[in-house]
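> Have a peek at query_7.cif (mmCIF, C-alpha atoms).
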data_entry
loop_
_atom_site.group_PDB
_atom_site.id
_atom_site.type_symbol
_atom_site.label_atom_id
_atom_site.label_comp_id
_atom_site.auth_asym_id
_atom_site.auth_seq_id
_atom_site.Cartn_x
_atom_site.Cartn_y
_atom_site.Cartn_z
ATOM 1 C CA MET Y 9 40.124 11.306 -2.852
ATOM 2 C CA GLU Y 10 40.309 14.516 -0.870
ATOM 3 C CA ASP Y 11 37.712 17.227 -1.593
ATOM 4 C CA SER Y 12 40.039 20.154 -2.365
ATOM 5 C CA ASN Y 13 37.182 22.661 -2.158
ATOM 6 C CA VAL Y 14 36.350 21.600 1.405
ATOM 7 C CA VAL Y 15 40.003 21.719 2.436
ATOM 8 C CA GLU Y 16 40.472 25.146 0.858
ATOM 9 C CA ARG Y 17 37.315 26.500 2.505
ATOM 10 C CA CYS Y 18 38.320 25.176 5.923
ATOM 11 C CA THR Y 19 41.893 26.406 5.536
ATOM 12 C CA GLN Y 20 40.581 29.886 4.756
ATOM 13 C CA TYR Y 21 38.289 29.622 7.780
ATOM 14 C CA TRP Y 22 41.263 29.072 10.108
ATOM 15 C CA ILE Y 23 43.153 31.958 8.546
ATOM 16 C CA ASN Y 24 40.213 34.243 9.348
ATOM 17 C CA ASN Y 25 39.413 32.771 12.793
ATOM 18 C CA LYS Y 26 42.726 32.434 14.582
ATOM 19 C CA GLU Y 27 41.185 32.498 18.057
ATOM 20 C CA GLU Y 28 38.160 30.327 17.296
ATOM 21 C CA TYR Y 29 38.510 28.294 20.465
ATOM 22 C CA ALA Y 30 39.115 31.205 22.791
ATOM 23 C CA TRP Y 31 35.432 31.932 23.426
ATOM 24 C CA ARG Y 32 34.018 28.412 23.599
ATOM 25 C CA GLY Y 33 35.386 27.234 26.934
ATOM 26 C CA TYR Y 34 33.865 23.759 26.814
ATOM 27 C CA ARG Y 35 36.951 21.714 27.642
ATOM 28 C CA ASP Y 36 35.831 21.169 31.234
ATOM 29 C CA ASN Y 37 32.405 20.025 30.018
ATOM 30 C CA ILE Y 38 34.021 17.485 27.702
ATOM 31 C CA VAL Y 39 36.405 15.995 30.256
ATOM 32 C CA GLU Y 40 33.763 15.804 32.993
ATOM 33 C CA PHE Y 41 31.404 14.032 30.593
ATOM 34 C CA VAL Y 42 34.065 11.560 29.453
ATOM 35 C CA GLN Y 43 34.909 10.761 33.088
ATOM 36 C CA GLU Y 44 31.354 9.524 33.650
ATOM 37 C CA PHE Y 45 32.013 6.666 31.227
ATOM 38 C CA LEU Y 46 35.778 6.282 31.225
ATOM 39 C CA PRO Y 47 37.696 5.807 34.523
ATOM 40 C CA VAL Y 48 40.789 8.017 34.770
ATOM 41 C CA ASN Y 49 43.056 4.949 35.050
ATOM 42 C CA THR Y 50 41.854 3.558 31.697
ATOM 43 C CA VAL Y 51 44.573 2.241 29.395
ATOM 44 C CA ALA Y 52 43.397 2.784 25.815
ATOM 45 C CA THR Y 53 43.810 4.780 22.610
ATOM 46 C CA PHE Y 54 41.742 7.972 22.368
ATOM 47 C CA HIS Y 55 41.493 10.059 19.193
ATOM 48 C CA GLU Y 56 39.897 13.464 18.623
ATOM 49 C CA PHE Y 57 38.541 14.041 15.124
ATOM 50 C CA GLY Y 58 39.114 17.641 14.099
ATOM 51 C CA CYS Y 59 41.161 18.493 17.192
ATOM 52 C CA ASN Y 60 41.709 22.093 16.049
ATOM 53 C CA ARG Y 61 44.564 23.434 18.205
ATOM 54 C CA GLY Y 62 44.619 20.477 20.596
ATOM 55 C CA PHE Y 63 43.144 22.186 23.658
ATOM 56 C CA ASN Y 64 40.729 19.337 24.439
ATOM 57 C CA LEU Y 65 43.509 16.763 24.229
ATOM 58 C CA THR Y 66 45.767 18.866 26.451
ATOM 59 C CA LYS Y 67 42.947 19.009 29.024
ATOM 60 C CA MET Y 68 42.390 15.260 28.702
ATOM 61 C CA ARG Y 69 46.093 14.647 29.391
ATOM 62 C CA GLU Y 70 45.775 16.418 32.760
ATOM 63 C CA GLN Y 71 43.258 13.794 33.927
ATOM 64 C CA TYR Y 72 44.159 10.703 31.917
ATOM 65 C CA LYS Y 73 47.775 9.657 32.314
ATOM 66 C CA ASN Y 74 47.387 6.192 30.738
ATOM 67 C CA LEU Y 75 45.577 7.101 27.531
ATOM 68 C CA PHE Y 76 47.438 7.237 24.249
ATOM 69 C CA LEU Y 77 46.018 10.525 22.918
ATOM 70 C CA SER Y 78 45.991 11.573 19.280
ATOM 71 C CA GLY Y 79 44.173 13.994 17.021
ATOM 72 C CA ASN Y 80 43.834 15.096 13.426
ATOM 73 C CA ASP Y 81 43.024 18.409 11.809
ATOM 74 C CA ILE Y 82 43.929 20.435 8.749
ATOM 75 C CA ASN Y 83 44.738 23.277 11.146
ATOM 76 C CA LEU Y 84 48.505 23.065 11.568
ATOM 77 C CA ARG Y 85 48.431 25.018 14.854
ATOM 78 C CA ALA Y 86 47.839 21.771 16.759
ATOM 79 C CA TYR Y 87 51.197 20.508 15.487
ATOM 80 C CA LYS Y 88 52.926 23.063 17.691
ATOM 81 C CA ARG Y 89 51.116 21.685 20.776
ATOM 82 C CA ARG Y 90 51.812 17.985 20.145
ATOM 83 C CA SER Y 91 54.600 17.957 22.743
ATOM 84 C CA GLN Y 92 51.940 18.511 25.410
ATOM 85 C CA GLY Y 93 50.979 14.860 25.523
ATOM 86 C CA PHE Y 94 49.349 13.875 22.235
ATOM 87 C CA CYS Y 95 50.217 12.837 18.691
ATOM 88 C CA PHE Y 96 48.978 14.920 15.769
ATOM 89 C CA GLN Y 97 48.272 14.249 12.104
ATOM 90 C CA GLN Y 98 47.604 17.058 9.654
ATOM 91 C CA LYS Y 99 44.857 15.260 7.774
ATOM 92 C CA ASN Y 100 41.154 15.789 7.174
ATOM 93 C CA THR Y 101 38.779 13.395 8.926
ATOM 94 C CA ILE Y 102 37.390 11.661 5.837
ATOM 95 C CA ASP Y 103 40.877 10.738 4.658
ATOM 96 C CA LEU Y 104 41.743 9.532 8.162
ATOM 97 C CA LEU Y 105 38.628 7.335 8.318
ATOM 98 C CA ARG Y 106 39.425 5.832 4.929
ATOM 99 C CA GLY Y 107 42.793 4.705 6.267
ATOM 100 C CA LYS Y 108 43.433 1.601 8.317
ATOM 101 C CA GLN Y 109 44.010 3.237 11.704
ATOM 102 C CA GLN Y 110 41.978 2.091 14.713
ATOM 103 C CA PHE Y 111 41.340 3.630 18.121
ATOM 104 C CA ASP Y 112 39.453 2.462 21.186
ATOM 105 C CA TYR Y 113 37.603 5.741 21.709
ATOM 106 C CA GLY Y 114 36.873 8.798 19.591
ATOM 107 C CA LEU Y 115 35.863 12.389 20.279
ATOM 108 C CA GLY Y 116 34.240 14.982 18.052
ATOM 109 C CA CYS Y 117 33.609 18.530 19.303
ATOM 110 C CA ALA Y 118 31.709 20.819 16.953
ATOM 111 C CA HIS Y 119 33.583 19.076 14.161
ATOM 112 C CA PHE Y 120 31.284 16.716 12.277
ATOM 113 C CA MET Y 121 28.885 19.616 11.751
ATOM 114 C CA HIS Y 122 31.457 21.045 9.332
ATOM 115 C CA LEU Y 123 31.556 17.949 7.117
ATOM 116 C CA PRO Y 124 29.217 18.035 4.082
ATOM 117 C CA ASN Y 125 26.003 16.024 4.451
ATOM 118 C CA GLU Y 126 26.904 13.967 1.385
ATOM 119 C CA GLN Y 127 29.709 12.441 3.441
ATOM 120 C CA ASP Y 128 27.315 10.963 6.025
ATOM 121 C CA GLU Y 129 27.442 7.504 4.444
ATOM 122 C CA ILE Y 130 31.241 7.470 4.574
ATOM 123 C CA LEU Y 131 31.151 8.662 8.199
ATOM 124 C CA SER Y 132 28.728 5.927 9.192
ATOM 125 C CA GLU Y 133 30.509 3.089 7.415
ATOM 126 C CA GLN Y 134 34.094 3.998 8.225
ATOM 127 C CA MET Y 135 33.553 4.891 11.885
ATOM 128 C CA GLN Y 136 32.582 1.259 12.472
ATOM 129 C CA HIS Y 137 36.030 0.133 11.358
ATOM 130 C CA THR Y 138 37.932 2.968 13.026
ATOM 131 C CA LEU Y 139 36.557 2.850 16.592
ATOM 132 C CA LYS Y 140 36.511 -0.264 18.763
ATOM 133 C CA LYS Y 141 34.510 0.918 21.803
ATOM 134 C CA GLY Y 142 32.716 4.217 21.399
ATOM 135 C CA LEU Y 143 32.457 7.876 20.419
ATOM 136 C CA PHE Y 144 32.003 10.998 22.544
ATOM 137 C CA LEU Y 145 30.361 13.963 20.825
ATOM 138 C CA LEU Y 146 29.610 17.599 21.484
ATOM 139 C CA GLU Y 147 27.642 18.804 18.484
ATOM 140 C CA PRO Y 148 24.808 21.276 17.775
ATOM 141 C CA ILE Y 149 21.405 19.925 16.821
ATOM 142 C CA TYR Y 150 18.827 22.012 14.993
ATOM 143 C CA GLU Y 151 15.772 22.862 17.063
ATOM 144 C CA GLU Y 152 12.495 24.437 16.062
ATOM 145 C CA GLY Y 153 12.610 28.169 16.531
ATOM 146 C CA HIS Y 154 16.274 28.399 15.544
ATOM 147 C CA LYS Y 155 17.319 29.421 12.081
ATOM 148 C CA PRO Y 156 20.468 27.779 10.712
ATOM 149 C CA PRO Y 157 22.995 30.337 9.501
ATOM 150 C CA GLU Y 158 22.839 31.128 5.798
ATOM 151 C CA LYS Y 159 26.602 31.595 5.570
ATOM 152 C CA GLY Y 160 29.366 29.289 6.684
ATOM 153 C CA ASN Y 161 30.030 25.587 6.248
ATOM 154 C CA ALA Y 162 28.075 24.177 9.194
ATOM 155 C CA SER Y 163 25.261 21.642 9.003
ATOM 156 C CA PHE Y 164 22.652 21.595 11.763
ATOM 157 C CA ASN Y 165 20.319 18.934 10.382
ATOM 158 C CA ARG Y 166 22.111 15.756 11.459
ATOM 159 C CA GLU Y 167 20.742 13.390 14.062
ATOM 160 C CA TYR Y 168 23.997 12.241 15.614
ATOM 161 C CA SER Y 169 22.443 9.733 17.981
ATOM 162 C CA THR Y 170 21.543 7.521 14.989
ATOM 163 C CA LEU Y 171 24.073 8.651 12.358
ATOM 164 C CA PHE Y 172 26.801 6.104 13.048
ATOM 165 C CA GLU Y 173 25.901 2.537 12.091
ATOM 166 C CA GLY Y 174 26.825 0.002 14.756
ATOM 167 C CA PHE Y 175 26.757 2.534 17.624
ATOM 168 C CA VAL Y 176 24.017 3.091 20.199
ATOM 169 C CA CYS Y 177 23.518 6.463 21.869
ATOM 170 C CA THR Y 178 23.167 5.673 25.586
ATOM 171 C CA GLU Y 179 23.415 9.284 26.781
ATOM 172 C CA LYS Y 180 22.322 12.525 25.128
ATOM 173 C CA ARG Y 181 22.464 15.616 27.299
ATOM 174 C CA LEU Y 182 21.746 19.253 26.551
ATOM 175 C CA VAL Y 183 24.629 21.459 27.631
ATOM 176 C CA GLN Y 184 23.266 23.326 30.649
ATOM 177 C CA LYS Y 185 22.186 26.927 30.238
ATOM 178 C CA GLN Y 186 24.964 28.338 32.419
ATOM 179 C CA ASN Y 187 27.490 26.571 30.184
ATOM 180 C CA ARG Y 188 25.555 27.061 26.957
ATOM 181 C CA LEU Y 189 27.685 27.479 23.894
ATOM 182 C CA LYS Y 190 26.940 29.869 21.103
ATOM 183 C CA ALA Y 191 25.043 28.074 18.352
ATOM 184 C CA LYS Y 192 23.258 30.098 15.703
ATOM 185 C CA GLY Y 193 21.226 27.174 14.449
ATOM 186 C CA GLY Y 194 20.614 24.973 17.470
ATOM 187 C CA SER Y 195 21.723 23.833 20.899
ATOM 188 C CA TYR Y 196 24.769 21.780 21.754
ATOM 189 C CA TYR Y 197 24.400 18.259 23.081
ATOM 190 C CA LEU Y 198 26.907 15.974 24.763
ATOM 191 C CA MET Y 199 26.503 12.404 23.550
ATOM 192 C CA TRP Y 200 28.044 9.023 24.309
ATOM 193 C CA LEU Y 201 27.699 6.500 21.491
ATOM 194 C CA GLU Y 202 28.684 3.007 22.546
ATOM 195 C CA LYS Y 203 29.682 0.473 19.953
ATOM 196 C CA GLU Y 204 27.364 -2.502 19.758
ATOM 197 C CA ASN Y 205 28.787 -5.942 20.500
ATOM 198 C CA GLU Y 206 29.532 -7.788 17.310
#
What is this file in structure tokens?

Amino acid sequence: MEDSNVVERCTQYWINNKEEYAWRGYRDNIVEFVQEFLPVNTVATFHEFGCNRGFNLTKMREQYKNLFLSGNDINLRAYKRRSQGFCFQQKNTIDLLRGKQQFDYGLGCAHFMHLPNEQDEILSEQMQHTLKKGLFLLEPIYEEGHKPPEKGNASFNREYSTLFEGFVCTEKRLVQKQNRLKAKGGSYYLMWLEKENE
């Protein structure tokens, strides 16, 4: 069952932050990182969890012509961009994971940090059934000396490299200083989590 409080809080967030993606500028970082593990001629399904307005998927489409791209978010603005090479579902991630859909690869960019910690078990269990090959992440990790923000709905105390059962983190890379993203509570890391052979 959908947590209406979370949906309402996130919906209000988008109303107040219409240009949230304008200052981040990490699309190039994401695509370059994905290309290290996924050849551009790959034929597969690729889904972004919490795709916001679809900018990452639009950038992916420029490089990957053979991927079937899709994304989900409660932010309806991505719906208007779906004609630019990806399919969109207006749905929160937990509800999507509880469904029966499957994808070869997944992507999460500063998204899982906004899901409540009490949903970690659902994330871990359901991601195993949803993804067949692996998950790319760009998420902030709390570091000593940083103080997590007191306001907002972000969580900085997850260890993403071990969060998802059945996946092994084979690459974890701090986003370089010249490309450093704003993170009040920690630094952003690019991660590749490969699904273990069953």
> For each of Y:Asn205, Y:Trp200, Y:Asp36, Y:Asn60, take the minimum atom-to-atom distance to Ala118 in chain Y, counting all atoms listed in the file, then give the residue where this is smallest.
Y:Asn60
> Could you list, as an MDAnalysis selection string, every residue matched by the PyMOL selection byres ((chain Y and resi 133) around 12) in this structure?
chainID Y and resid 102 105:106 127:132 134:139 171:175
> Pick out the residues sitting within 10 Å of Phe111 in chain Y, and hand them over as a list in words; count all atoms listed in the file, and ignore anything fewer than 5 positions along from it in its own chain.
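Near neighbours after the sequence-gap exclusion: Ala52, Thr53, Phe54, His55, Glu56, Phe76, Leu77, Ser78, His137, Thr138, Leu139, Lys140, Lys141 and Gly142 of chain Y.
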> Please return as a ChimeraX atom specification every residue within 6 Å of (33.5, 20.5, 24.5), taking into account all atoms listed in the file and the file's own coordinates.
/Y:34-35,37-38,117,146
> Selection in question (the file shown): the PyMOL selection byres ((chain Y and resi 65) around 8). Which residues does it include, as a compact mmCIF listing (two decimals) with C-alpha atoms, in the coordinates of the input?

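Wrote selection.txt, looks like this:
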# COMPACT_ATOMS: atom_id res chain seq x y z
CA GLU Y 56 39.90 13.46 18.62
CA CYS Y 59 41.16 18.49 17.19
CA GLY Y 62 44.62 20.48 20.60
CA PHE Y 63 43.14 22.19 23.66
CA ASN Y 64 40.73 19.34 24.44
CA THR Y 66 45.77 18.87 26.45
CA LYS Y 67 42.95 19.01 29.02
CA MET Y 68 42.39 15.26 28.70
CA ARG Y 69 46.09 14.65 29.39
CA LEU Y 77 46.02 10.52 22.92
CA SER Y 78 45.99 11.57 19.28
CA GLY Y 79 44.17 13.99 17.02
CA GLY Y 93 50.98 14.86 25.52
CA PHE Y 94 49.35 13.88 22.24
> Tell me which residues the PyMOL selection byres ((chain Y and resi 80) around 7) grabs here, as a PyMOL selection string.
chain Y and resi 56-59+79+81+96-101
> For the atom pair CA of Asn74 in chain Y and CA of Gly116 in chain Y, what is the interatomic distance in Å to one decimal place?
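Value for the CA of Asn74 in chain Y-CA of Gly116 in chain Y distance: 20.3 Å.
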> Hey, can you check how far CA of Phe144 in chain Y sits from CA of Ser195 in chain Y?
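Interatomic distance here is 16.5 Å.
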> Taking all atoms listed in the file into account, name the residue in Y:Pro124, Y:Glu44, Y:Arg61, Y:Asp103 that is nearest to Tyr87 in chain Y.
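Closest to Tyr87 in chain Y of all the choices is Y:Arg61.
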> So, counting all atoms listed in the file, which residue among Y:Val48, Y:Tyr197, Y:Lys108, Y:Arg85 is closest to Glu70 in chain Y?
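Selected residue with least distance to Glu70 in chain Y: Y:Val48.
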> Quick one: pull the distance between CA of Gln43 in chain Y and CA of Leu201 in chain Y, Å, one decimal.
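So the answer is 14.3 Å.
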